[in-house]
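Visitor: What follows is entry09.cif; its format and atoms are mmCIF, C-alpha atoms.
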data_input
loop_
_atom_site.group_PDB
_atom_site.id
_atom_site.type_symbol
_atom_site.label_atom_id
_atom_site.label_comp_id
_atom_site.auth_asym_id
_atom_site.auth_seq_id
_atom_site.Cartn_x
_atom_site.Cartn_y
_atom_site.Cartn_z
ATOM 1 C CA MET A 1 18.044 -7.121 -1.775
ATOM 2 C CA ILE A 2 14.746 -5.560 -2.874
ATOM 3 C CA GLN A 3 15.809 -2.177 -1.488
ATOM 4 C CA THR A 4 19.120 -2.448 -3.372
ATOM 5 C CA LEU A 5 17.233 -3.189 -6.582
ATOM 6 C CA ALA A 6 14.898 -0.223 -6.031
ATOM 7 C CA ASP A 7 17.877 2.067 -5.346
ATOM 8 C CA LEU A 8 19.651 0.787 -8.478
ATOM 9 C CA LEU A 9 16.627 1.363 -10.714
ATOM 10 C CA VAL A 10 15.688 4.809 -9.410
ATOM 11 C CA TYR A 11 19.043 6.395 -8.680
ATOM 12 C CA ASP A 12 21.356 4.704 -11.197
ATOM 13 C CA VAL A 13 19.233 3.522 -14.144
ATOM 14 C CA PHE A 14 16.674 6.368 -14.102
ATOM 15 C CA GLY A 15 19.184 8.897 -12.754
ATOM 16 C CA ILE A 16 16.750 10.512 -10.294
ATOM 17 C CA SER A 17 18.261 12.217 -7.256
ATOM 18 C CA PRO A 18 17.470 10.553 -3.893
ATOM 19 C CA GLU A 19 16.897 14.049 -2.439
ATOM 20 C CA SER A 20 14.125 14.843 -4.915
ATOM 21 C CA HIS A 21 10.431 14.304 -4.275
ATOM 22 C CA TRP A 22 10.121 12.115 -7.369
ATOM 23 C CA GLY A 23 13.127 10.010 -6.358
ATOM 24 C CA SER A 24 11.751 9.398 -2.874
ATOM 25 C CA ALA A 25 8.253 8.586 -4.136
ATOM 26 C CA LEU A 26 9.381 6.287 -6.978
ATOM 27 C CA ASN A 27 11.848 4.413 -4.754
ATOM 28 C CA PHE A 28 9.094 3.891 -2.188
ATOM 29 C CA PHE A 29 6.689 2.659 -4.882
ATOM 30 C CA ILE A 30 9.090 0.154 -6.485
ATOM 31 C CA TYR A 31 10.364 -1.212 -3.162
ATOM 32 C CA ASP A 32 6.947 -1.716 -1.593
ATOM 33 C CA SER A 33 5.352 -3.083 -4.783
ATOM 34 C CA LEU A 34 8.029 -5.761 -5.129
ATOM 35 C CA LYS A 35 8.171 -6.523 -1.408
ATOM 36 C CA ILE A 36 4.444 -6.923 -0.882
ATOM 37 C CA THR A 37 3.880 -8.899 -4.101
ATOM 38 C CA VAL A 38 6.658 -11.363 -3.274
ATOM 39 C CA LEU A 39 5.509 -11.572 0.337
ATOM 40 C CA LEU A 40 1.901 -12.197 -0.698
ATOM 41 C CA PHE A 41 2.934 -15.003 -3.077
ATOM 42 C CA PHE A 42 5.132 -16.864 -0.597
ATOM 43 C CA ILE A 43 2.693 -16.482 2.292
ATOM 44 C CA SER A 44 -0.104 -17.722 0.031
ATOM 45 C CA VAL A 45 2.014 -20.779 -0.845
ATOM 46 C CA ILE A 46 2.769 -21.437 2.835
ATOM 47 C CA MET A 47 -0.875 -21.060 3.822
ATOM 48 C CA GLY A 48 -1.827 -23.336 0.916
ATOM 49 C CA ILE A 49 0.520 -26.007 2.243
ATOM 50 C CA ILE A 50 -0.891 -25.593 5.750
ATOM 51 C CA ASN A 51 -4.441 -25.815 4.421
ATOM 52 C CA ALA A 52 -3.521 -28.969 2.498
ATOM 53 C CA TYR A 53 -2.107 -30.811 5.510
ATOM 54 C CA PHE A 54 -3.490 -29.143 8.618
ATOM 55 C CA PRO A 55 -7.100 -29.797 9.662
ATOM 56 C CA ILE A 56 -8.093 -26.137 9.365
ATOM 57 C CA ASP A 57 -11.815 -26.953 9.739
ATOM 58 C CA ARG A 58 -11.059 -28.572 13.089
ATOM 59 C CA LEU A 59 -9.052 -25.530 14.185
ATOM 60 C CA ARG A 60 -11.848 -23.173 13.137
ATOM 61 C CA THR A 61 -14.419 -25.270 14.969
ATOM 62 C CA TYR A 62 -12.162 -25.420 18.012
ATOM 63 C CA LEU A 63 -11.710 -21.638 18.084
ATOM 64 C CA THR A 64 -15.402 -20.875 17.607
ATOM 65 C CA SER A 65 -16.918 -23.503 19.893
ATOM 66 C CA ARG A 66 -14.853 -23.020 23.061
ATOM 67 C CA LYS A 67 -14.443 -20.193 25.517
ATOM 68 C CA PHE A 68 -10.875 -18.909 25.745
ATOM 69 C CA TYR A 69 -11.743 -15.801 27.800
ATOM 70 C CA GLY A 70 -9.761 -13.547 25.464
ATOM 71 C CA LEU A 71 -6.662 -15.721 25.204
ATOM 72 C CA GLU A 72 -7.102 -16.217 21.453
ATOM 73 C CA TYR A 73 -7.066 -12.430 20.957
ATOM 74 C CA PHE A 74 -3.969 -12.078 23.123
ATOM 75 C CA LEU A 75 -2.141 -14.794 21.166
ATOM 76 C CA ALA A 76 -3.117 -13.219 17.840
ATOM 77 C CA SER A 77 -1.948 -9.786 19.048
ATOM 78 C CA LEU A 78 1.269 -11.266 20.408
ATOM 79 C CA PHE A 79 1.894 -12.991 17.083
ATOM 80 C CA GLY A 80 1.275 -9.665 15.373
ATOM 81 C CA ALA A 81 3.797 -7.993 17.673
ATOM 82 C CA ILE A 82 6.603 -10.433 16.789
ATOM 83 C CA THR A 83 6.019 -10.311 13.013
ATOM 84 C CA PRO A 84 8.050 -7.490 11.395
ATOM 85 C CA PHE A 85 5.343 -6.228 9.037
ATOM 86 C CA CYS A 86 3.902 -2.842 8.147
ATOM 87 C CA SER A 87 0.146 -2.510 7.669
ATOM 88 C CA CYS A 88 0.224 -3.406 3.970
ATOM 89 C CA SER A 89 2.710 -6.255 4.468
ATOM 90 C CA SER A 90 0.400 -7.718 7.137
ATOM 91 C CA ILE A 91 -2.442 -8.031 4.635
ATOM 92 C CA PRO A 92 -1.062 -11.146 2.859
ATOM 93 C CA LEU A 93 -0.988 -13.030 6.162
ATOM 94 C CA PHE A 94 -4.409 -11.620 7.044
ATOM 95 C CA ILE A 95 -5.728 -12.994 3.735
ATOM 96 C CA GLY A 96 -4.162 -16.347 4.591
ATOM 97 C CA PHE A 97 -5.940 -16.399 7.959
ATOM 98 C CA VAL A 98 -9.263 -15.467 6.373
ATOM 99 C CA LYS A 99 -8.760 -18.066 3.627
ATOM 100 C CA GLY A 100 -8.185 -20.701 6.298
ATOM 101 C CA GLY A 101 -11.418 -19.745 8.058
ATOM 102 C CA ILE A 102 -9.830 -18.399 11.266
ATOM 103 C CA PRO A 103 -12.448 -16.309 13.184
ATOM 104 C CA LEU A 104 -12.540 -12.762 11.840
ATOM 105 C CA GLY A 105 -12.109 -11.079 15.225
ATOM 106 C CA VAL A 106 -8.905 -13.050 15.845
ATOM 107 C CA THR A 107 -7.526 -12.119 12.426
ATOM 108 C CA PHE A 108 -8.343 -8.462 13.118
ATOM 109 C CA ALA A 109 -6.397 -8.666 16.403
ATOM 110 C CA PHE A 110 -3.357 -9.714 14.377
ATOM 111 C CA LEU A 111 -3.943 -7.081 11.674
ATOM 112 C CA ILE A 112 -4.199 -4.277 14.242
ATOM 113 C CA THR A 113 -1.095 -5.155 16.278
ATOM 114 C CA SER A 114 1.247 -6.391 13.544
ATOM 115 C CA PRO A 115 2.175 -3.002 12.034
ATOM 116 C CA LEU A 116 2.250 -1.200 15.401
ATOM 117 C CA VAL A 117 4.817 -3.305 17.250
ATOM 118 C CA ASN A 118 7.993 -4.923 15.928
ATOM 119 C CA GLU A 119 11.553 -5.339 17.158
ATOM 120 C CA VAL A 120 13.057 -2.617 14.935
ATOM 121 C CA ALA A 121 10.500 -0.029 16.004
ATOM 122 C CA VAL A 122 10.931 -1.007 19.668
ATOM 123 C CA ALA A 123 14.709 -0.558 19.456
ATOM 124 C CA MET A 124 14.354 2.831 17.753
ATOM 125 C CA PHE A 125 11.644 3.882 20.202
ATOM 126 C CA ALA A 126 13.774 2.951 23.209
ATOM 127 C CA GLY A 127 16.753 4.861 21.839
ATOM 128 C CA THR A 128 14.639 7.923 21.105
ATOM 129 C CA PHE A 129 12.159 8.155 23.987
ATOM 130 C CA GLY A 130 13.482 5.767 26.653
ATOM 131 C CA TRP A 131 12.191 2.452 27.936
ATOM 132 C CA GLU A 132 9.295 3.804 29.990
ATOM 133 C CA ILE A 133 7.461 5.250 26.991
ATOM 134 C CA THR A 134 8.518 2.262 24.868
ATOM 135 C CA VAL A 135 6.931 -0.218 27.287
ATOM 136 C CA VAL A 136 3.743 1.863 27.414
ATOM 137 C CA TYR A 137 3.622 1.918 23.622
ATOM 138 C CA VAL A 138 4.229 -1.829 23.202
ATOM 139 C CA VAL A 139 1.668 -2.825 25.838
ATOM 140 C CA SER A 140 -0.845 -0.368 24.361
ATOM 141 C CA GLY A 141 -0.328 -1.802 20.875
ATOM 142 C CA ILE A 142 -1.011 -5.349 22.058
ATOM 143 C CA VAL A 143 -4.000 -4.288 24.159
ATOM 144 C CA MET A 144 -5.385 -2.296 21.235
ATOM 145 C CA GLY A 145 -5.221 -5.400 19.038
ATOM 146 C CA MET A 146 -6.970 -7.484 21.684
ATOM 147 C CA VAL A 147 -9.724 -4.940 22.347
ATOM 148 C CA GLY A 148 -10.244 -4.085 18.675
ATOM 149 C CA GLY A 149 -10.294 -7.744 17.658
ATOM 150 C CA PHE A 150 -12.734 -8.595 20.449
ATOM 151 C CA ILE A 151 -15.127 -5.770 19.535
ATOM 152 C CA LEU A 152 -15.002 -6.558 15.824
ATOM 153 C CA GLY A 153 -15.400 -10.277 16.513
ATOM 154 C CA LYS A 154 -18.542 -9.691 18.586
ATOM 155 C CA MET A 155 -20.066 -7.669 15.739
ATOM 156 C CA LYS A 156 -20.329 -10.812 13.540
ATOM 157 C CA LEU A 157 -18.995 -9.150 10.400
ATOM 158 C CA ASP A 158 -18.186 -12.230 8.315
ATOM 159 C CA ARG A 159 -21.114 -11.427 6.022
ATOM 160 C CA LEU A 160 -19.266 -8.266 4.952
ATOM 161 C CA LEU A 161 -16.323 -10.159 3.482
ATOM 162 C CA THR A 162 -16.280 -10.049 -0.313
ATOM 163 C CA PRO A 163 -17.542 -12.946 -2.460
ATOM 164 C CA TRP A 164 -13.928 -13.451 -3.611
ATOM 165 C CA VAL A 165 -12.937 -14.465 -0.064
ATOM 166 C CA ARG A 166 -15.762 -16.962 0.212
ATOM 167 C CA GLN A 167 -14.799 -18.341 -3.197
ATOM 168 C CA ILE A 168 -11.173 -19.016 -2.261
ATOM 169 C CA GLN A 169 -12.274 -20.450 1.106
ATOM 170 C CA THR A 170 -14.580 -22.915 -0.662
ATOM 171 C CA GLN A 171 -11.947 -23.815 -3.257
ATOM 172 C CA SER A 172 -9.327 -24.375 -0.574
ATOM 173 C CA GLN A 173 -11.585 -26.625 1.512
ATOM 174 C CA THR A 174 -12.732 -28.619 -1.543
ATOM 175 C CA GLU A 175 -9.179 -29.121 -2.795
ATOM 176 C CA ALA A 176 -7.904 -30.138 0.644
ATOM 177 C CA ALA A 177 -10.720 -32.693 1.055
ATOM 178 C CA LYS A 178 -9.990 -34.144 -2.401
ATOM 179 C CA TRP A 179 -6.278 -34.487 -1.667
ATOM 180 C CA GLU A 180 -6.975 -36.100 1.680
ATOM 181 C CA SER A 181 -9.317 -38.667 0.169
ATOM 182 C CA GLU A 182 -6.895 -39.497 -2.648
ATOM 183 C CA LYS A 183 -3.800 -39.412 -0.381
ATOM 184 C CA LEU A 184 -1.834 -37.411 -2.938
ATOM 185 C CA PRO A 185 1.890 -36.905 -2.176
ATOM 186 C CA PHE A 186 3.237 -33.414 -1.587
ATOM 187 C CA LEU A 187 4.962 -33.015 -4.960
ATOM 188 C CA LYS A 188 1.670 -33.654 -6.760
ATOM 189 C CA ARG A 189 -0.144 -31.145 -4.566
ATOM 190 C CA LEU A 190 2.498 -28.419 -4.923
ATOM 191 C CA PRO A 191 1.663 -27.276 -8.509
ATOM 192 C CA THR A 192 -1.967 -26.674 -7.530
ATOM 193 C CA ILE A 193 -0.901 -24.841 -4.350
ATOM 194 C CA VAL A 194 1.460 -22.578 -6.333
ATOM 195 C CA ARG A 195 -1.207 -21.976 -9.000
ATOM 196 C CA GLU A 196 -3.760 -20.969 -6.350
ATOM 197 C CA ALA A 197 -1.188 -18.693 -4.676
ATOM 198 C CA TRP A 198 -0.507 -16.975 -7.992
ATOM 199 C CA GLY A 199 -4.264 -16.625 -8.501
ATOM 200 C CA ILE A 200 -4.507 -14.782 -5.184
ATOM 201 C CA VAL A 201 -1.640 -12.477 -6.201
ATOM 202 C CA ARG A 202 -3.332 -11.697 -9.532
ATOM 203 C CA GLY A 203 -6.622 -11.096 -7.738
ATOM 204 C CA VAL A 204 -5.268 -8.367 -5.477
ATOM 205 C CA PHE A 205 -2.374 -7.023 -7.575
ATOM 206 C CA LEU A 206 -4.260 -4.007 -8.940
ATOM 207 C CA TYR A 207 -5.329 -3.008 -5.419
ATOM 208 C CA ILE A 208 -1.725 -3.364 -4.221
ATOM 209 C CA ILE A 209 -0.414 -1.090 -6.988
ATOM 210 C CA ILE A 210 -3.093 1.569 -6.440
ATOM 211 C CA GLY A 211 -2.612 1.533 -2.677
ATOM 212 C CA ILE A 212 1.162 1.800 -2.830
ATOM 213 C CA ALA A 213 0.992 4.533 -5.482
ATOM 214 C CA ILE A 214 -1.152 6.624 -3.130
ATOM 215 C CA GLY A 215 1.255 5.992 -0.260
ATOM 216 C CA ALA A 216 4.284 6.800 -2.432
ATOM 217 C CA GLY A 217 2.819 10.127 -3.520
ATOM 218 C CA ILE A 218 2.123 11.167 0.053
ATOM 219 C CA HIS A 219 5.518 9.854 1.224
ATOM 220 C CA GLY A 220 7.399 11.844 -1.398
ATOM 221 C CA PHE A 221 5.476 15.093 -1.662
ATOM 222 C CA VAL A 222 3.725 15.936 1.644
ATOM 223 C CA PRO A 223 6.060 17.729 4.122
ATOM 224 C CA ASP A 224 6.062 16.932 7.856
ATOM 225 C CA GLU A 225 5.382 20.596 8.678
ATOM 226 C CA PHE A 226 1.919 20.315 7.140
ATOM 227 C CA PHE A 227 0.907 17.870 9.871
ATOM 228 C CA ALA A 228 2.789 19.472 12.746
ATOM 229 C CA GLN A 229 0.945 22.806 12.492
ATOM 230 C CA TRP A 230 -2.409 21.156 13.289
ATOM 231 C CA MET A 231 -1.225 19.070 16.240
ATOM 232 C CA GLY A 232 -0.048 21.659 18.762
ATOM 233 C CA LYS A 233 -0.740 21.502 22.495
ATOM 234 C CA ASP A 234 -3.124 24.453 22.290
ATOM 235 C CA ASN A 235 -5.563 22.485 20.158
ATOM 236 C CA LEU A 236 -8.017 20.599 22.394
ATOM 237 C CA PHE A 237 -8.861 18.351 19.455
ATOM 238 C CA ALA A 238 -5.236 17.714 18.513
ATOM 239 C CA VAL A 239 -5.532 13.953 19.112
ATOM 240 C CA PRO A 240 -8.512 13.282 16.807
ATOM 241 C CA VAL A 241 -7.112 15.749 14.268
ATOM 242 C CA SER A 242 -3.781 13.898 14.311
ATOM 243 C CA VAL A 243 -5.580 10.610 13.617
ATOM 244 C CA ILE A 244 -7.525 12.138 10.704
ATOM 245 C CA LEU A 245 -4.348 13.660 9.235
ATOM 246 C CA ALA A 246 -2.489 10.359 9.596
ATOM 247 C CA VAL A 247 -4.946 8.172 7.661
ATOM 248 C CA PRO A 248 -3.843 9.343 4.164
ATOM 249 C CA MET A 249 -0.213 8.595 5.019
ATOM 250 C CA TYR A 250 1.584 5.273 4.816
ATOM 251 C CA ALA A 251 4.795 4.238 6.611
ATOM 252 C CA ASN A 252 6.015 1.438 8.847
ATOM 253 C CA ALA A 253 6.649 1.975 12.548
ATOM 254 C CA ALA A 254 10.425 2.203 12.142
ATOM 255 C CA GLY A 255 10.084 4.816 9.411
ATOM 256 C CA ILE A 256 7.734 7.049 11.396
ATOM 257 C CA VAL A 257 9.708 7.121 14.683
ATOM 258 C CA PRO A 258 12.140 9.855 13.492
ATOM 259 C CA ILE A 259 9.176 11.988 12.421
ATOM 260 C CA ILE A 260 7.546 11.530 15.822
ATOM 261 C CA GLN A 261 10.796 12.652 17.443
ATOM 262 C CA VAL A 262 10.685 15.840 15.352
ATOM 263 C CA PHE A 263 7.060 16.448 16.363
ATOM 264 C CA VAL A 264 7.885 16.082 20.076
ATOM 265 C CA THR A 265 10.866 18.442 19.820
ATOM 266 C CA LYS A 266 8.537 20.989 18.200
ATOM 267 C CA GLY A 267 6.329 20.912 21.299
ATOM 268 C CA ILE A 268 3.644 18.438 20.268
ATOM 269 C CA SER A 269 2.352 16.385 23.209
ATOM 270 C CA ILE A 270 3.666 12.829 23.382
ATOM 271 C CA GLY A 271 0.146 11.370 23.397
ATOM 272 C CA THR A 272 -0.814 13.308 20.270
ATOM 273 C CA ALA A 273 2.410 12.240 18.552
ATOM 274 C CA LEU A 274 1.877 8.581 19.505
ATOM 275 C CA ALA A 275 -1.739 8.712 18.301
ATOM 276 C CA PHE A 276 -0.478 10.077 14.990
ATOM 277 C CA MET A 277 2.091 7.284 14.764
ATOM 278 C CA MET A 278 -0.458 4.576 15.560
ATOM 279 C CA ALA A 279 -2.850 5.922 12.943
ATOM 280 C CA VAL A 280 -0.120 6.189 10.296
ATOM 281 C CA VAL A 281 1.084 2.605 10.743
ATOM 282 C CA GLY A 282 -2.240 1.012 11.741
ATOM 283 C CA LEU A 283 -4.667 2.869 9.470
ATOM 284 C CA SER A 284 -3.836 4.166 6.029
ATOM 285 C CA LEU A 285 -5.529 4.884 2.730
ATOM 286 C CA PRO A 286 -3.218 2.434 0.893
ATOM 287 C CA GLU A 287 -4.138 -0.258 3.420
ATOM 288 C CA ALA A 288 -7.844 0.411 2.850
ATOM 289 C CA THR A 289 -7.346 0.141 -0.908
ATOM 290 C CA MET A 290 -5.643 -3.248 -0.571
ATOM 291 C CA LEU A 291 -8.275 -4.518 1.859
ATOM 292 C CA LYS A 292 -11.004 -3.688 -0.662
ATOM 293 C CA LYS A 293 -10.384 -7.008 -2.413
ATOM 294 C CA VAL A 294 -11.095 -8.827 0.863
ATOM 295 C CA MET A 295 -13.696 -6.601 2.544
ATOM 296 C CA THR A 296 -16.640 -4.490 1.498
ATOM 297 C CA TRP A 297 -16.302 -0.748 2.014
ATOM 298 C CA ARG A 298 -18.734 -1.025 4.918
ATOM 299 C CA LEU A 299 -16.486 -3.509 6.723
ATOM 300 C CA ILE A 300 -13.415 -1.382 6.034
ATOM 301 C CA GLY A 301 -15.245 1.633 7.461
ATOM 302 C CA ILE A 302 -16.251 -0.264 10.609
ATOM 303 C CA PHE A 303 -12.694 -1.567 11.064
ATOM 304 C CA PHE A 304 -11.159 1.895 10.651
ATOM 305 C CA ALA A 305 -13.751 3.522 12.925
ATOM 306 C CA VAL A 306 -13.246 1.040 15.786
ATOM 307 C CA VAL A 307 -9.446 1.286 15.617
ATOM 308 C CA ALA A 308 -9.519 5.090 15.277
ATOM 309 C CA VAL A 309 -11.693 5.465 18.398
ATOM 310 C CA ILE A 310 -9.337 3.252 20.396
ATOM 311 C CA ILE A 311 -6.312 5.260 19.172
ATOM 312 C CA ILE A 312 -7.976 8.552 20.132
ATOM 313 C CA VAL A 313 -8.767 7.247 23.626
ATOM 314 C CA LEU A 314 -5.164 6.065 24.009
ATOM 315 C CA GLY A 315 -3.838 9.418 22.749
ATOM 316 C CA TYR A 316 -5.732 11.379 25.399
ATOM 317 C CA LEU A 317 -4.717 8.803 28.019
ATOM 318 C CA PHE A 318 -1.044 9.149 27.036
ATOM 319 C CA ASN A 319 -1.261 12.956 27.265
ATOM 320 C CA TRP A 320 -2.708 12.586 30.759
ATOM 321 C CA ILE A 321 -0.226 10.074 32.213
ATOM 322 C CA LEU A 322 3.014 10.891 30.354
#
Before we go any further, please render this structure as structure tokens.
Guide:
Amino acid sequence: MIQTLADLLVYDVFGISPESHWGSALNFFIYDSLKITVLLFFISVIMGIINAYFPIDRLRTYLTSRKFYGLEYFLASLFGAITPFCSCSSIPLFIGFVKGGIPLGVTFAFLITSPLVNEVAVAMFAGTFGWEITVVYVVSGIVMGMVGGFILGKMKLDRLLTPWVRQIQTQSQTEAAKWESEKLPFLKRLPTIVREAWGIVRGVFLYIIIGIAIGAGIHGFVPDEFFAQWMGKDNLFAVPVSVILAVPMYANAAGIVPIIQVFVTKGISIGTALAFMMAVVGLSLPEATMLKKVMTWRLIGIFFAVVAVIIIVLGYLFNWIL
């Protein structure tokens, strides 16, 4: 429905050709702006309802006071794998987790895996590269979320969340405690939940628009050949270069698979191509812009650095075994 509306506005109302750079970029911008804003609002409402009725403090205490031997990171990564989100679409749910006080390392495990693995990308991957490479990619995506979340969790980075996050956490806990003590029915709680959800949307809306505008410009105007020429097999540093080149881009896993197929047919090593894909969907400049409302630049830099190192290691490993 949102895609149909974006197509109608750009191609019919504005009369811009779908083959043009401007048409591609504007369609991308309108579609993703509407999709992510709507998604953020409804997820914020759902998380508000959960926070109002579910003992989130007990869950947070349970997760932080017991030893799960990595199971919590596996479950978060697995949940990320079955949610059909791109990196920017994952952020609303990430904000919901942070708002609820879920341990930061666990939320990072979800944020890392969610854009990398989903059923559409898996189906396209299997049809393009076969099941062997698909299984390697899926398992690697889940493991990367687990390892990245574990490392980031051990670094105790909660202090680098923005004051805005701590503010909405405090407001949520205070409101939930008030409702519980007064035993308010759901219909009387709902207006406050919706109002808080809209407040979250307004708080991050500017960052969403800026991030998607950057992604739209790159999506519409930067040709694939620009990246392919730096990622050839003769370049010993092709894997780290591919990760660096991928960060400014923004696409979901399903959208990048055809590009990866083109890269491989042009002679780029499969590991380098997969590293590029992981960096495009798991790390992007638009994603960093949206995360700025939730994290300080230092935390964003640490998050990107940890994930980038893991992707580079996996890229060289893929080139060695595949």
Visitor: Between A:Met249, A:Val264, A:Ile95, A:Ser140, which one has atoms that come closest to Val313 of chain A, using only C-alpha atoms?
Guide: A:Ser140
Visitor: Running the PyMOL selection byres ((chain A and resi 159-162) around 10) on this model by hand, what would come out? Give it as a ChimeraX atom specification.
Guide: /A:98,104,156-158,163-167,291-300
Visitor: Counting all atoms listed in the file, which residue out of A:Gly315, A:Pro248, A:Phe42, A:Thr272 sits closest to Asn235 of chain A?
Guide: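 With all atoms listed in the file as the atom set, the closest residue is A:Thr272.
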Visitor: So how far away is atom CA of His21 of chain A from atom CA of Val38 of chain A, in Å?
Guide: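 The value is 26.0 Å.
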Visitor: Counting only C-alpha atoms, which of A:Ser284, A:Thr107, A:Thr289, A:Gln3 gets nearest to Gly80 of chain A?
Guide: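 Answer, going by the shortest atom-to-atom distance: A:Thr107.
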Visitor: When the PyMOL selection byres ((chain A and resi 153) around 10) is applied to the structure above, which residues does it catch, written out as a list in words?
Guide: Tyr73, Pro103, Leu104, Gly105, Val106, Thr107, Phe108, Ala109, Val147, Gly148, Gly149, Phe150, Ile151, Leu152, Lys154, Met155, Lys156, Leu157 and Asp158 of chain A
Visitor: Let me see the file: selected residues, C-alpha atoms, as an mmCIF file, in the coordinates of the input.
Guide:
data_model
loop_
_atom_site.group_PDB
_atom_site.id
_atom_site.type_symbol
_atom_site.label_atom_id
_atom_site.label_comp_id
_atom_site.auth_asym_id
_atom_site.auth_seq_id
_atom_site.Cartn_x
_atom_site.Cartn_y
_atom_site.Cartn_z
ATOM 1 C CA TYR A 73 -7.066 -12.430 20.957
ATOM 2 C CA PRO A 103 -12.448 -16.309 13.184
ATOM 3 C CA LEU A 104 -12.540 -12.762 11.840
ATOM 4 C CA GLY A 105 -12.109 -11.079 15.225
ATOM 5 C CA VAL A 106 -8.905 -13.050 15.845
ATOM 6 C CA THR A 107 -7.526 -12.119 12.426
ATOM 7 C CA PHE A 108 -8.343 -8.462 13.118
ATOM 8 C CA ALA A 109 -6.397 -8.666 16.403
ATOM 9 C CA VAL A 147 -9.724 -4.940 22.347
ATOM 10 C CA GLY A 148 -10.244 -4.085 18.675
ATOM 11 C CA GLY A 149 -10.294 -7.744 17.658
ATOM 12 C CA PHE A 150 -12.734 -8.595 20.449
ATOM 13 C CA ILE A 151 -15.127 -5.770 19.535
ATOM 14 C CA LEU A 152 -15.002 -6.558 15.824
ATOM 15 C CA LYS A 154 -18.542 -9.691 18.586
ATOM 16 C CA MET A 155 -20.066 -7.669 15.739
ATOM 17 C CA LYS A 156 -20.329 -10.812 13.540
ATOM 18 C CA LEU A 157 -18.995 -9.150 10.400
ATOM 19 C CA ASP A 158 -18.186 -12.230 8.315
#
Visitor: Can you tell me which residues surround segment 273-283 of chain A at a distance of at most 8 Å, considering only C-alpha atoms, apart from same-chain residues fewer than 3 positions away, and format the answer as a PyMOL selection string?
Guide: chain A and resi 86-87+112-113+115-116+239+242-243+245-253+256-257+260+263-264+268-270+287-288+304+307-308+311-312+314-315
Visitor: What gap, in Å, lies between atom CA of Val138 of chain A and atom CA of Leu75 of chain A?
Guide: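 Computing the Euclidean distance for atom CA of Val138 of chain A and atom CA of Leu75 of chain A yields 14.6 Å.
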Visitor: I'd like to know which of A:Leu206, A:Val139, A:Ala197, A:Val306 is closest to Val45 of chain A, using all atoms listed in the file.
Guide: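 The answer is A:Ala197, which sits nearest to Val45 of chain A.
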Visitor: One decimal, in Å: what's the spacing between atom CA of Phe318 of chain A and atom CA of Gly271 of chain A?
Guide: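 These atoms are spaced 4.4 Å apart.
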Visitor: With a distance cut-off of 12 Å and all atoms listed in the file, select the neighbouring residues of Leu8 of chain A, excluding the residue or stretch itself and same-chain residues fewer than 2 positions from it, and output the selection as a list of chain:residue names.
Guide: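 Contacts, with the query itself left out: A:Met1, A:Ile2, A:Gln3, A:Thr4, A:Leu5, A:Ala6, A:Val10, A:Tyr11, A:Asp12, A:Val13, A:Phe14, A:Gly15, A:Ile16, A:Ser17, A:Pro18, A:Gly23, A:Leu26, A:Asn27, A:Ile30, A:Tyr31.
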Visitor: Apply the PyMOL selection byres ((chain A and resi 194) around 9) to the file shown and report the selected residues as an mmCIF file with C-alpha atoms, in the coordinates of the input.
Guide:
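result06.cif, freshly written:
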data_model
loop_
_atom_site.group_PDB
_atom_site.id
_atom_site.type_symbol
_atom_site.label_atom_id
_atom_site.label_comp_id
_atom_site.auth_asym_id
_atom_site.auth_seq_id
_atom_site.Cartn_x
_atom_site.Cartn_y
_atom_site.Cartn_z
ATOM 1 C CA PHE A 41 2.934 -15.003 -3.077
ATOM 2 C CA PHE A 42 5.132 -16.864 -0.597
ATOM 3 C CA SER A 44 -0.104 -17.722 0.031
ATOM 4 C CA VAL A 45 2.014 -20.779 -0.845
ATOM 5 C CA GLY A 48 -1.827 -23.336 0.916
ATOM 6 C CA ARG A 189 -0.144 -31.145 -4.566
ATOM 7 C CA LEU A 190 2.498 -28.419 -4.923
ATOM 8 C CA PRO A 191 1.663 -27.276 -8.509
ATOM 9 C CA THR A 192 -1.967 -26.674 -7.530
ATOM 10 C CA ILE A 193 -0.901 -24.841 -4.350
ATOM 11 C CA ARG A 195 -1.207 -21.976 -9.000
ATOM 12 C CA GLU A 196 -3.760 -20.969 -6.350
ATOM 13 C CA ALA A 197 -1.188 -18.693 -4.676
ATOM 14 C CA TRP A 198 -0.507 -16.975 -7.992
ATOM 15 C CA GLY A 199 -4.264 -16.625 -8.501
#
